[in-house]
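Colleague: For reference, this is start.csv, and it has CSV, C-alpha atoms and all ligand atoms.
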```csv
chain,number,residue,atom,x,y,z
A,1,MET,CA,-57.2,37.1,23.0
A,2,GLN,CA,-55.6,33.7,23.7
A,3,SER,CA,-56.4,30.8,21.3
A,4,VAL,CA,-57.3,27.2,22.2
A,5,LYS,CA,-57.2,24.5,19.6
A,6,ILE,CA,-59.9,21.8,19.5
A,7,VAL,CA,-59.0,18.5,17.8
A,8,GLU,CA,-62.2,17.0,16.6
A,9,VAL,CA,-62.2,13.2,17.1
A,10,GLY,CA,-65.8,12.4,16.3
A,11,PRO,CA,-65.2,10.7,13.0
A,12,ARG,CA,-62.8,8.3,14.8
A,13,ASP,CA,-63.3,8.1,18.5
A,14,GLY,CA,-66.9,9.1,18.1
A,15,LEU,CA,-67.8,6.4,15.6
A,16,GLN,CA,-65.5,3.5,16.6
A,17,ASN,CA,-68.0,2.2,19.1
A,18,GLU,CA,-71.3,2.8,17.3
A,19,LYS,CA,-73.5,-0.2,16.8
A,20,ARG,CA,-74.9,1.2,13.6
A,21,PRO,CA,-72.2,1.1,10.9
A,22,LEU,CA,-71.9,4.2,8.8
A,23,SER,CA,-70.9,4.2,5.1
A,24,ALA,CA,-67.8,6.0,3.9
A,25,GLU,CA,-70.1,8.5,2.2
A,26,ILE,CA,-71.7,9.5,5.5
A,27,LYS,CA,-68.4,9.6,7.3
A,28,LEU,CA,-67.1,11.9,4.5
A,29,GLU,CA,-70.2,14.1,4.7
A,30,LEU,CA,-69.6,14.4,8.5
A,31,ILE,CA,-66.0,15.4,8.0
A,32,ARG,CA,-66.8,17.9,5.3
A,33,ARG,CA,-69.5,19.5,7.5
A,34,LEU,CA,-67.1,19.6,10.4
A,35,ALA,CA,-64.5,21.2,8.2
A,36,GLY,CA,-67.0,24.0,7.4
A,37,THR,CA,-67.3,25.0,11.1
A,38,GLY,CA,-63.8,26.4,11.5
A,39,LEU,CA,-62.1,23.4,13.1
A,40,SER,CA,-58.4,23.1,12.1
A,41,ALA,CA,-57.9,19.4,13.0
A,42,ILE,CA,-60.3,16.5,12.4
A,43,GLU,CA,-59.3,12.9,13.2
A,44,ALA,CA,-60.5,11.1,10.1
A,45,GLY,CA,-60.2,7.4,10.9
A,46,ALA,CA,-58.1,4.6,12.2
A,47,PHE,CA,-55.8,2.1,10.3
A,48,VAL,CA,-56.4,-0.7,12.8
A,49,SER,CA,-57.4,-4.3,12.3
A,50,PRO,CA,-61.0,-4.4,11.0
A,51,LYS,CA,-61.4,-7.6,13.0
A,52,TRP,CA,-60.7,-5.6,16.2
A,53,VAL,CA,-62.7,-2.5,15.3
A,54,PRO,CA,-65.0,-3.1,12.3
A,55,GLN,CA,-66.4,0.5,12.5
A,56,MET,CA,-63.1,1.9,11.3
A,57,ALA,CA,-63.0,-0.3,8.1
A,58,GLY,CA,-63.1,2.0,5.1
A,59,SER,CA,-60.8,4.6,6.7
A,60,ALA,CA,-58.5,4.4,3.6
A,61,GLU,CA,-61.4,5.3,1.3
A,62,VAL,CA,-62.3,8.2,3.6
A,63,LEU,CA,-58.8,9.6,3.9
A,64,ALA,CA,-58.1,9.3,0.2
A,65,ALA,CA,-61.1,11.4,-0.6
A,66,LEU,CA,-59.9,14.3,1.7
A,67,ASP,CA,-57.4,17.1,0.9
A,68,THR,CA,-54.7,16.2,3.3
A,69,THR,CA,-52.3,18.9,2.0
A,70,GLY,CA,-54.6,21.9,2.9
A,71,ALA,CA,-55.0,24.0,6.0
A,72,ILE,CA,-57.0,21.4,7.9
A,73,ALA,CA,-55.1,18.5,9.5
A,74,TYR,CA,-56.7,15.0,9.1
A,75,PRO,CA,-54.7,12.8,11.5
A,76,VAL,CA,-55.5,9.0,11.6
A,77,LEU,CA,-54.7,6.4,14.2
A,78,VAL,CA,-51.9,3.9,13.4
A,79,PRO,CA,-51.0,1.0,15.7
A,80,ASN,CA,-48.2,-0.6,13.8
A,81,ASP,CA,-46.1,-0.7,10.6
A,82,MET,CA,-48.9,-2.3,8.6
A,83,GLY,CA,-51.3,0.5,9.5
A,84,LEU,CA,-48.6,3.0,8.6
A,85,ASP,CA,-48.2,1.5,5.1
A,86,ALA,CA,-51.9,1.8,4.5
A,87,ALA,CA,-52.2,5.3,6.0
A,88,LEU,CA,-49.3,6.6,3.8
A,89,ALA,CA,-50.8,5.0,0.7
A,90,ALA,CA,-54.1,6.8,1.5
A,91,GLY,CA,-52.3,10.1,1.7
A,92,ALA,CA,-51.9,10.6,5.5
A,93,ARG,CA,-49.9,13.7,6.5
A,94,GLU,CA,-50.4,13.2,10.2
A,95,ILE,CA,-50.8,10.0,12.2
A,96,ALA,CA,-51.3,9.2,15.9
A,97,VAL,CA,-49.8,6.3,17.8
A,98,PHE,CA,-51.8,5.2,20.8
A,99,GLY,CA,-50.3,3.8,24.0
A,100,ALA,CA,-51.6,3.4,27.5
A,101,ALA,CA,-50.5,4.0,31.1
A,102,SER,CA,-52.1,0.7,32.1
A,103,GLU,CA,-50.6,-2.6,31.2
A,104,SER,CA,-54.0,-4.4,31.2
A,105,PHE,CA,-55.6,-1.8,28.9
A,106,SER,CA,-52.6,-1.9,26.6
A,107,GLN,CA,-53.0,-5.7,26.3
A,108,LYS,CA,-56.7,-5.6,25.7
A,109,ASN,CA,-56.6,-2.6,23.3
A,110,ILE,CA,-53.6,-3.4,21.1
A,111,ASN,CA,-52.5,-6.9,22.2
A,112,ALA,CA,-49.1,-5.7,23.4
A,113,SER,CA,-47.4,-4.7,26.7
A,114,ILE,CA,-46.5,-1.1,27.2
A,115,ALA,CA,-42.9,-1.9,26.4
A,116,GLU,CA,-43.8,-3.8,23.3
A,117,SER,CA,-46.1,-1.0,22.1
A,118,LEU,CA,-43.3,1.6,22.5
A,119,GLN,CA,-41.0,-0.6,20.4
A,120,ARG,CA,-43.7,-0.8,17.6
A,121,PHE,CA,-44.3,2.9,17.9
A,122,ALA,CA,-40.5,3.6,17.6
A,123,SER,CA,-40.5,2.0,14.1
A,124,VAL,CA,-43.8,3.7,13.1
A,125,ALA,CA,-42.7,7.1,14.3
A,126,ARG,CA,-39.2,6.9,12.6
A,127,ARG,CA,-40.7,5.9,9.3
A,128,ALA,CA,-43.5,8.5,9.5
A,129,LEU,CA,-41.1,11.3,10.3
A,130,ASP,CA,-38.7,10.2,7.5
A,131,ALA,CA,-41.7,10.5,5.2
A,132,GLY,CA,-42.4,14.0,6.5
A,133,VAL,CA,-45.5,12.9,8.3
A,134,LYS,CA,-46.3,14.5,11.7
A,135,VAL,CA,-46.8,12.1,14.6
A,136,ARG,CA,-49.1,12.6,17.6
A,137,GLY,CA,-49.1,10.4,20.6
A,138,TYR,CA,-52.0,9.2,22.9
A,139,VAL,CA,-51.7,7.9,26.4
A,140,SER,CA,-54.9,6.2,27.5
A,141,CYS,CA,-56.1,5.5,31.1
A,142,VAL,CA,-54.4,8.6,32.5
A,143,VAL,CA,-56.5,8.6,35.6
A,144,GLY,CA,-58.2,5.2,35.8
A,145,CYS,CA,-58.3,1.9,34.0
A,146,PRO,CA,-61.4,-0.3,33.5
A,147,TYR,CA,-59.3,-3.3,34.5
A,148,GLU,CA,-56.8,-1.9,37.1
A,149,GLY,CA,-58.6,0.9,38.7
A,150,ARG,CA,-56.6,4.0,39.7
A,151,ILE,CA,-53.4,4.7,37.7
A,152,ALA,CA,-50.4,6.3,39.4
A,153,PRO,CA,-49.6,9.7,37.8
A,154,HIS,CA,-45.9,8.8,37.4
A,155,LYS,CA,-46.9,6.0,35.0
A,156,VAL,CA,-48.6,8.5,32.8
A,157,ALA,CA,-45.6,10.8,32.9
A,158,ASP,CA,-43.3,7.9,31.9
A,159,VAL,CA,-45.3,6.9,28.8
A,160,ALA,CA,-45.9,10.5,27.8
A,161,LYS,CA,-42.2,11.2,28.0
A,162,ALA,CA,-41.4,8.0,26.1
A,163,LEU,CA,-43.8,9.0,23.3
A,164,ALA,CA,-42.3,12.5,23.1
A,165,ASP,CA,-38.8,11.0,22.9
A,166,LEU,CA,-40.0,9.0,19.8
A,167,GLY,CA,-40.8,12.3,18.1
A,168,CYS,CA,-44.4,12.9,18.9
A,169,TYR,CA,-45.0,16.6,18.6
A,170,GLU,CA,-47.9,16.5,21.0
A,171,ILE,CA,-49.1,14.0,23.6
A,172,SER,CA,-52.9,13.7,24.2
A,173,LEU,CA,-53.7,12.5,27.7
A,174,GLY,CA,-56.8,10.4,27.6
A,175,ASP,CA,-59.2,9.9,30.5
A,176,THR,CA,-60.5,6.9,28.6
A,177,ILE,CA,-63.3,6.0,31.1
A,178,GLY,CA,-64.0,9.5,32.2
A,179,VAL,CA,-63.4,8.9,35.9
A,180,GLY,CA,-61.2,11.9,36.5
A,181,THR,CA,-62.2,14.9,38.6
A,182,PRO,CA,-60.4,18.3,38.6
A,183,ALA,CA,-58.3,17.2,41.6
A,184,SER,CA,-57.2,13.8,40.2
A,185,VAL,CA,-56.6,15.4,36.7
A,186,ARG,CA,-54.5,18.1,38.3
A,187,GLU,CA,-52.5,15.5,40.2
A,188,MET,CA,-51.9,13.6,37.0
A,189,LEU,CA,-51.0,16.8,35.0
A,190,ASP,CA,-48.6,17.9,37.7
A,191,ALA,CA,-46.6,14.7,37.2
A,192,VAL,CA,-46.6,15.0,33.4
A,193,LEU,CA,-45.7,18.7,33.6
A,194,ASP,CA,-42.6,17.7,35.5
A,195,VAL,CA,-41.3,16.0,32.4
A,196,LEU,CA,-43.0,17.8,29.4
A,197,PRO,CA,-44.1,21.4,28.8
A,198,ALA,CA,-47.8,22.3,28.7
A,199,GLY,CA,-47.4,23.3,25.1
A,200,GLN,CA,-46.7,19.7,24.1
A,201,LEU,CA,-49.8,18.3,25.9
A,202,ALA,CA,-53.4,17.9,24.9
A,203,GLY,CA,-56.4,16.9,27.1
A,204,HIS,CA,-58.7,14.1,26.0
A,205,PHE,CA,-61.6,13.8,28.3
A,206,HIS,CA,-64.6,11.3,28.2
A,207,ASP,CA,-67.7,12.5,29.9
A,208,THR,CA,-68.9,9.3,31.7
A,209,TYR,CA,-69.4,11.0,35.0
A,210,GLY,CA,-70.2,14.5,33.6
A,211,MET,CA,-66.8,15.8,34.7
A,212,ALA,CA,-65.2,16.5,31.4
A,213,VAL,CA,-65.9,20.3,31.1
A,214,ALA,CA,-64.7,20.8,34.7
A,215,ASN,CA,-61.5,18.8,33.9
A,216,ILE,CA,-60.8,20.9,30.9
A,217,ARG,CA,-61.1,24.0,33.1
A,218,ALA,CA,-58.6,22.5,35.5
A,219,ALA,CA,-56.2,21.7,32.6
A,220,LEU,CA,-56.6,25.3,31.2
A,221,ASP,CA,-55.4,26.5,34.7
A,222,VAL,CA,-52.1,24.6,34.3
A,223,GLY,CA,-51.5,25.9,30.8
A,224,LEU,CA,-53.0,23.3,28.4
A,225,ARG,CA,-54.3,24.9,25.2
A,226,VAL,CA,-55.3,21.9,23.1
A,227,PHE,CA,-58.3,19.6,23.8
A,228,ASP,CA,-59.8,16.7,21.9
A,229,ALA,CA,-63.6,16.6,21.6
A,230,SER,CA,-66.3,14.8,19.6
A,231,VAL,CA,-69.2,16.4,17.9
A,232,ALA,CA,-72.5,15.5,19.6
A,233,GLY,CA,-70.6,13.8,22.4
A,234,LEU,CA,-70.2,10.6,20.4
A,235,GLY,CA,-67.7,8.1,21.4
A,236,GLY,CA,-66.3,5.4,23.6
A,237,CYS,CA,-63.6,2.8,23.3
A,238,PRO,CA,-64.6,-0.8,22.4
A,239,TYR,CA,-61.9,-2.0,24.9
A,240,ALA,CA,-63.1,0.2,27.8
A,241,ARG,CA,-66.5,-1.1,28.7
A,242,GLY,CA,-68.8,1.5,30.3
A,243,ALA,CA,-66.8,4.4,28.9
A,244,SER,CA,-69.3,6.9,27.5
A,245,GLY,CA,-68.7,9.5,24.8
A,246,ASN,CA,-66.0,12.1,24.5
A,247,VAL,CA,-66.8,15.5,25.8
A,248,ALA,CA,-69.0,17.2,23.1
A,249,THR,CA,-67.1,19.6,20.9
A,250,GLU,CA,-70.0,22.1,21.0
A,251,ASP,CA,-70.0,22.1,24.8
A,252,VAL,CA,-66.2,22.7,24.9
A,253,ALA,CA,-66.5,25.4,22.3
A,254,TYR,CA,-69.2,27.1,24.4
A,255,LEU,CA,-67.0,26.8,27.6
A,256,LEU,CA,-64.0,28.3,25.8
A,257,ALA,CA,-65.9,31.2,24.2
A,258,GLY,CA,-67.3,32.0,27.7
A,259,GLU,CA,-63.8,31.9,29.2
A,260,GLY,CA,-62.6,34.4,26.6
A,261,TYR,CA,-60.6,32.0,24.4
A,262,HIS,CA,-60.6,32.1,20.6
A,263,THR,CA,-61.3,28.8,18.9
A,264,GLY,CA,-62.3,29.9,15.4
A,265,ILE,CA,-65.4,27.7,15.6
A,266,ASP,CA,-68.8,28.7,14.5
A,267,LEU,CA,-71.1,27.3,17.2
A,268,THR,CA,-74.3,27.5,15.2
A,269,LYS,CA,-72.8,25.5,12.4
A,270,LEU,CA,-71.3,23.0,14.8
A,271,VAL,CA,-74.7,22.4,16.5
A,272,ASP,CA,-76.1,21.8,13.0
A,273,VAL,CA,-73.4,19.0,12.5
A,274,ALA,CA,-74.3,17.5,15.8
A,275,TRP,CA,-77.9,17.1,14.7
A,276,PHE,CA,-76.8,15.8,11.3
A,277,ILE,CA,-74.7,12.9,12.8
A,278,ALA,CA,-77.3,12.2,15.5
A,279,ASP,CA,-79.9,11.7,12.8
A,280,ALA,CA,-77.6,9.5,10.8
A,281,LEU,CA,-77.1,7.3,13.9
A,282,GLY,CA,-80.8,7.4,15.0
A,283,LYS,CA,-80.2,8.9,18.4
A,284,PRO,CA,-80.2,12.4,20.0
A,285,PRO,CA,-77.0,14.3,20.5
A,286,ALA,CA,-75.4,13.8,23.9
A,287,SER,CA,-74.3,17.5,24.3
A,288,LYS,CA,-76.1,20.0,26.4
A,289,LEU,CA,-75.7,22.7,23.7
A,290,ALA,CA,-77.4,20.8,20.9
A,291,HIS,CA,-80.5,20.6,23.1
A,292,ALA,CA,-80.2,24.2,24.4
A,293,LEU,CA,-79.9,25.7,21.0
A,294,GLY,CA,-82.1,23.1,19.1
A,295,ARG,CA,-81.8,22.4,15.4
A,296,GLN,CA,-80.2,25.3,13.5
A,297,GLY,CA,-80.6,24.5,9.8
B,301,LIG,P1,-53.0,-8.6,16.6
B,301,LIG,O1,-54.1,-9.5,16.4
B,301,LIG,O2,-52.0,-8.8,17.7
B,301,LIG,O3,-52.2,-8.3,15.2
B,301,LIG,O4,-53.7,-7.1,16.7
B,301,LIG,P2,-51.2,-9.3,14.4
B,301,LIG,O5,-50.0,-8.4,14.0
B,301,LIG,O6,-51.0,-10.6,15.1
B,301,LIG,O7,-52.1,-9.6,13.1
B,301,LIG,C1,-53.3,-10.3,13.2
B,301,LIG,C2,-54.2,-9.9,12.0
B,301,LIG,O8,-54.5,-8.6,12.0
B,301,LIG,C3,-53.5,-10.2,10.6
B,301,LIG,O9,-54.6,-10.6,9.7
B,301,LIG,C4,-53.0,-8.9,10.3
B,301,LIG,O10,-52.8,-8.8,8.9
B,301,LIG,C5,-54.1,-8.0,10.8
B,301,LIG,P3,-55.0,-12.1,9.4
B,301,LIG,O11,-53.7,-12.7,8.9
B,301,LIG,O12,-55.5,-12.7,10.7
B,301,LIG,O13,-56.0,-12.0,8.3
B,301,LIG,N1,-53.6,-6.6,11.1
B,301,LIG,C6,-54.1,-5.5,10.5
B,301,LIG,N2,-55.1,-5.3,9.7
B,301,LIG,C7,-55.3,-4.0,9.3
B,301,LIG,N3,-54.6,-2.9,9.8
B,301,LIG,C8,-53.6,-3.1,10.7
B,301,LIG,C9,-53.3,-4.4,11.1
B,301,LIG,N4,-52.4,-5.0,11.9
B,301,LIG,C10,-52.5,-6.3,11.9
B,301,LIG,N5,-53.0,-2.1,11.2
B,301,LIG,C11,-53.6,-4.7,16.5
B,301,LIG,C12,-52.9,-6.0,17.0
B,301,LIG,C13,-52.8,-3.5,17.0
B,301,LIG,C14,-53.6,-4.7,15.0
B,301,LIG,C15,-55.1,-4.8,17.0
B,301,LIG,O14,-55.0,-5.0,18.4
B,301,LIG,C16,-55.8,-3.5,16.8
B,301,LIG,O15,-56.1,-3.2,15.6
B,301,LIG,N6,-56.2,-2.7,17.8
B,301,LIG,C17,-56.8,-1.5,17.7
B,301,LIG,C18,-57.8,-1.2,18.8
B,301,LIG,C19,-58.4,0.1,18.7
B,301,LIG,O16,-58.5,0.7,17.6
B,301,LIG,N7,-58.9,0.7,19.8
B,301,LIG,C20,-59.5,2.0,19.8
B,301,LIG,C21,-58.6,3.1,19.7
B,301,LIG,S1,-57.7,3.5,21.2
B,301,LIG,C22,-58.8,4.6,22.0
B,301,LIG,O17,-59.9,4.7,21.6
B,301,LIG,C23,-58.3,5.5,23.1
B,301,LIG,C24,-58.1,7.0,22.6
B,301,LIG,O18,-59.3,7.5,22.1
B,301,LIG,C25,-57.6,7.8,23.8
B,301,LIG,C26,-58.4,7.6,25.1
B,301,LIG,O19,-59.7,7.8,25.0
B,301,LIG,O20,-57.8,7.3,26.1
B,301,LIG,C27,-57.0,7.0,21.5
B,302,MG,MG,-60.9,8.4,23.4
```
Let's see the structure in the file written out as structure tokens.
Ligand code: HMG
Ligand code: MG
Modeller:
Amino acid sequence: MQSVKIVEVGPRDGLQNEKRPLSAEIKLELIRRLAGTGLSAIEAGAFVSPKWVPQMAGSAEVLAALDTTGAIAYPVLVPNDMGLDAALAAGAREIAVFGAASESFSQKNINASIAESLQRFASVARRALDAGVKVRGYVSCVVGCPYEGRIAPHKVADVAKALADLGCYEISLGDTIGVGTPASVREMLDAVLDVLPAGQLAGHFHDTYGMAVANIRAALDVGLRVFDASVAGLGGCPYARGASGNVATEDVAYLLAGEGYHTGIDLTKLVDVAWFIADALGKPPASKLAHALGRQG
């Protein structure tokens, strides 16, 4: 049986756009419950400016309370050297730098052009790798941009390759506003696969138009075996207005089980976590599965 890895991004991507701020205790409880479902990678927070994304304040407290040396990876987002210093001090063993294939989105999201961002990431990646810390890379707006519309696939390939050249072991390709369909996702992936192997790529789909599961199926067809997802379908980017949540982890796990892939995830436990975080946020889970199976605990 082939394996597919799910990178749980709920505690970061899922919570970064929520109006109701959650305490570090609730975030930690969420992460601990997720860790009990069989997930092997859980994005635990972001070392970004709290003025830009107040929801991620407290990420140091959260990360410092986790066992970052065990079997489960707890990557955190890092935009610059200052964020890296704080992440290392909190015990990070894996970080993620995040760029974009769209100039406008790069400016709005991290206040830098694509070229400037790659310069920043070069320093961050070198220092992280020297400290024995793994570095993942994100490319946002791989199909469309909230400010520029359609993004040419070759631009995605260029940024993905640049991040790989900086030492990122994996590049996560983000359909930030969820506009992709299997055809446009395939076209984008074909361009990226011309410069990087499928084994170095991950798919990161938001479900704004309900296409995320179909897009994952399309990405599986061209060899991708790592997907980001967010429990209860939480998520969105504060700098991508209209972008809805990430594809729900439980929906992805259900798809993958049905397609015959091993994920190591206990679906019943995962649905329980979806209801836990939905209750904490005061809204129902966005996934199909949480409603189909109902409350488990
Ligand atoms: P800037 O304003 O250009 O930064 O922001 P600066 O270097 O000029 O510093 C300004 C102030 O920010 C200073 O504080 C710095 O100390 C502070 P002041 O002197 O004014 O008090 N500062 C920091 N504080 C804490 N941690 C730091 C840090 N750096 C500077 N690391 C910056 C530039 C990159 C910091 C800012 O734009 C930022 O934090 N952006 C993050 C935006 C973000 O988190 N977006 C969401 C994540 S991306 C995403 O969701 C997409 C993804 O899911 C994939 C997909 O879906 O496509 C990954
Ligand atoms: Mg995202």
Colleague: Can you work out which one of A:Ala191, A:Ile171, A:Ala90, A:Ala240 has the shortest atom-to-atom distance to Val62 of chain A, counting only C-alpha atoms?
Modeller: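 For Val62 of chain A, the nearest of the candidates is A:Ala90.
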Colleague: As an exercise, work out the distance from atom CA of Lys108 of chain A to atom CA of Val179 of chain A in Å and give it to one decimal place.
Modeller: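 Separation between atom CA of Lys108 of chain A and atom CA of Val179 of chain A: 19.0 Å.
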Colleague: Between atom CA of Tyr239 of chain A and atom C4 of ligand LIG 301 (chain B), what is the distance, to one decimal in Å?
Modeller: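 These atoms are spaced 18.4 Å apart.
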Colleague: Could you work out an axis-aligned bounding box for all listed atoms of segment 113-121 of chain A, with 6 Å added on each of the six sides, and give its centre and edge lengths in Å to one decimal, as AutoDock Vina command-line options?
Modeller:
```
--center_x -44.2 --center_y -0.9 --center_z 22.4 --size_x 18.4 --size_y 19.6 --size_z 21.6
```
Colleague: Would you compute the distance between atom CA of Asp13 of chain A and atom CA of Ala96 of chain A? Give it in Å to one decimal.
Modeller: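 Spanning atom CA of Asp13 of chain A to atom CA of Ala96 of chain A is a straight-line distance of 12.3 Å.
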Colleague: From the set A:Gly38, A:Gly264, A:Pro153, A:Pro11, which residue has the shortest atom-to-atom contact distance to ligand LIG 301 (chain B), counting all atoms listed in the file?
Modeller: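 So, comparing all the options, the nearest one is A:Pro11.
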Colleague: Please write out the residues within 8 Å of ligand LIG 301 (chain B) as number ranges by chain, counting only C-alpha atoms and all ligand atoms.
Modeller: A: 13, 16, 46-53, 56, 77-84, 86, 98-100, 108-112, 138-142, 172-177, 204-206, 236-239, 246
Colleague: Complete segment 55-68 of chain A with N, CA, C and O atoms (output as an mmCIF file, in the frame of the given file).
Modeller:
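Wrote out_10.cif, looks like this:
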```
data_model
loop_
_atom_site.group_PDB
_atom_site.id
_atom_site.type_symbol
_atom_site.label_atom_id
_atom_site.label_comp_id
_atom_site.auth_asym_id
_atom_site.auth_seq_id
_atom_site.Cartn_x
_atom_site.Cartn_y
_atom_site.Cartn_z
ATOM 1 N N GLN A 55 -65.854 -0.873 12.835
ATOM 2 C CA GLN A 55 -66.400 0.500 12.500
ATOM 3 C C GLN A 55 -65.389 1.332 11.758
ATOM 4 O O GLN A 55 -65.779 2.299 11.102
ATOM 5 N N MET A 56 -64.090 1.032 11.907
ATOM 6 C CA MET A 56 -63.100 1.900 11.300
ATOM 7 C C MET A 56 -62.650 1.322 9.893
ATOM 8 O O MET A 56 -61.787 1.907 9.234
ATOM 9 N N ALA A 57 -63.255 0.202 9.479
ATOM 10 C CA ALA A 57 -63.000 -0.300 8.100
ATOM 11 C C ALA A 57 -63.425 0.809 7.155
ATOM 12 O O ALA A 57 -64.385 1.526 7.420
ATOM 13 N N GLY A 58 -62.716 0.959 6.067
ATOM 14 C CA GLY A 58 -63.100 2.000 5.100
ATOM 15 C C GLY A 58 -62.363 3.336 5.405
ATOM 16 O O GLY A 58 -62.583 4.335 4.706
ATOM 17 N N SER A 59 -61.491 3.359 6.400
ATOM 18 C CA SER A 59 -60.800 4.600 6.700
ATOM 19 C C SER A 59 -59.877 5.028 5.524
ATOM 20 O O SER A 59 -59.677 6.225 5.291
ATOM 21 N N ALA A 60 -59.358 4.048 4.763
ATOM 22 C CA ALA A 60 -58.500 4.400 3.600
ATOM 23 C C ALA A 60 -59.320 5.160 2.565
ATOM 24 O O ALA A 60 -58.856 6.168 2.023
ATOM 25 N N GLU A 61 -60.522 4.677 2.313
ATOM 26 C CA GLU A 61 -61.400 5.300 1.300
ATOM 27 C C GLU A 61 -61.725 6.764 1.782
ATOM 28 O O GLU A 61 -61.705 7.708 0.985
ATOM 29 N N VAL A 62 -62.005 6.905 3.075
ATOM 30 C CA VAL A 62 -62.300 8.200 3.600
ATOM 31 C C VAL A 62 -61.150 9.171 3.486
ATOM 32 O O VAL A 62 -61.273 10.280 2.944
ATOM 33 N N LEU A 63 -59.976 8.726 3.953
ATOM 34 C CA LEU A 63 -58.800 9.600 3.900
ATOM 35 C C LEU A 63 -58.411 9.985 2.512
ATOM 36 O O LEU A 63 -58.072 11.144 2.234
ATOM 37 N N ALA A 64 -58.464 8.999 1.613
ATOM 38 C CA ALA A 64 -58.100 9.300 0.200
ATOM 39 C C ALA A 64 -58.936 10.311 -0.441
ATOM 40 O O ALA A 64 -58.497 10.992 -1.374
ATOM 41 N N ALA A 65 -60.161 10.476 0.051
ATOM 42 C CA ALA A 65 -61.100 11.400 -0.600
ATOM 43 C C ALA A 65 -60.906 12.858 0.022
ATOM 44 O O ALA A 65 -61.539 13.800 -0.452
ATOM 45 N N LEU A 66 -60.051 12.996 1.043
ATOM 46 C CA LEU A 66 -59.900 14.300 1.700
ATOM 47 C C LEU A 66 -58.603 14.986 1.153
ATOM 48 O O LEU A 66 -57.654 14.313 0.734
ATOM 49 N N ASP A 67 -58.586 16.326 1.220
ATOM 50 C CA ASP A 67 -57.400 17.100 0.900
ATOM 51 C C ASP A 67 -56.479 17.148 2.086
ATOM 52 O O ASP A 67 -56.655 18.021 2.943
ATOM 53 N N THR A 68 -55.518 16.234 2.156
ATOM 54 C CA THR A 68 -54.700 16.200 3.300
ATOM 55 C C THR A 68 -53.507 17.190 3.265
ATOM 56 O O THR A 68 -52.710 17.269 4.191
#
```
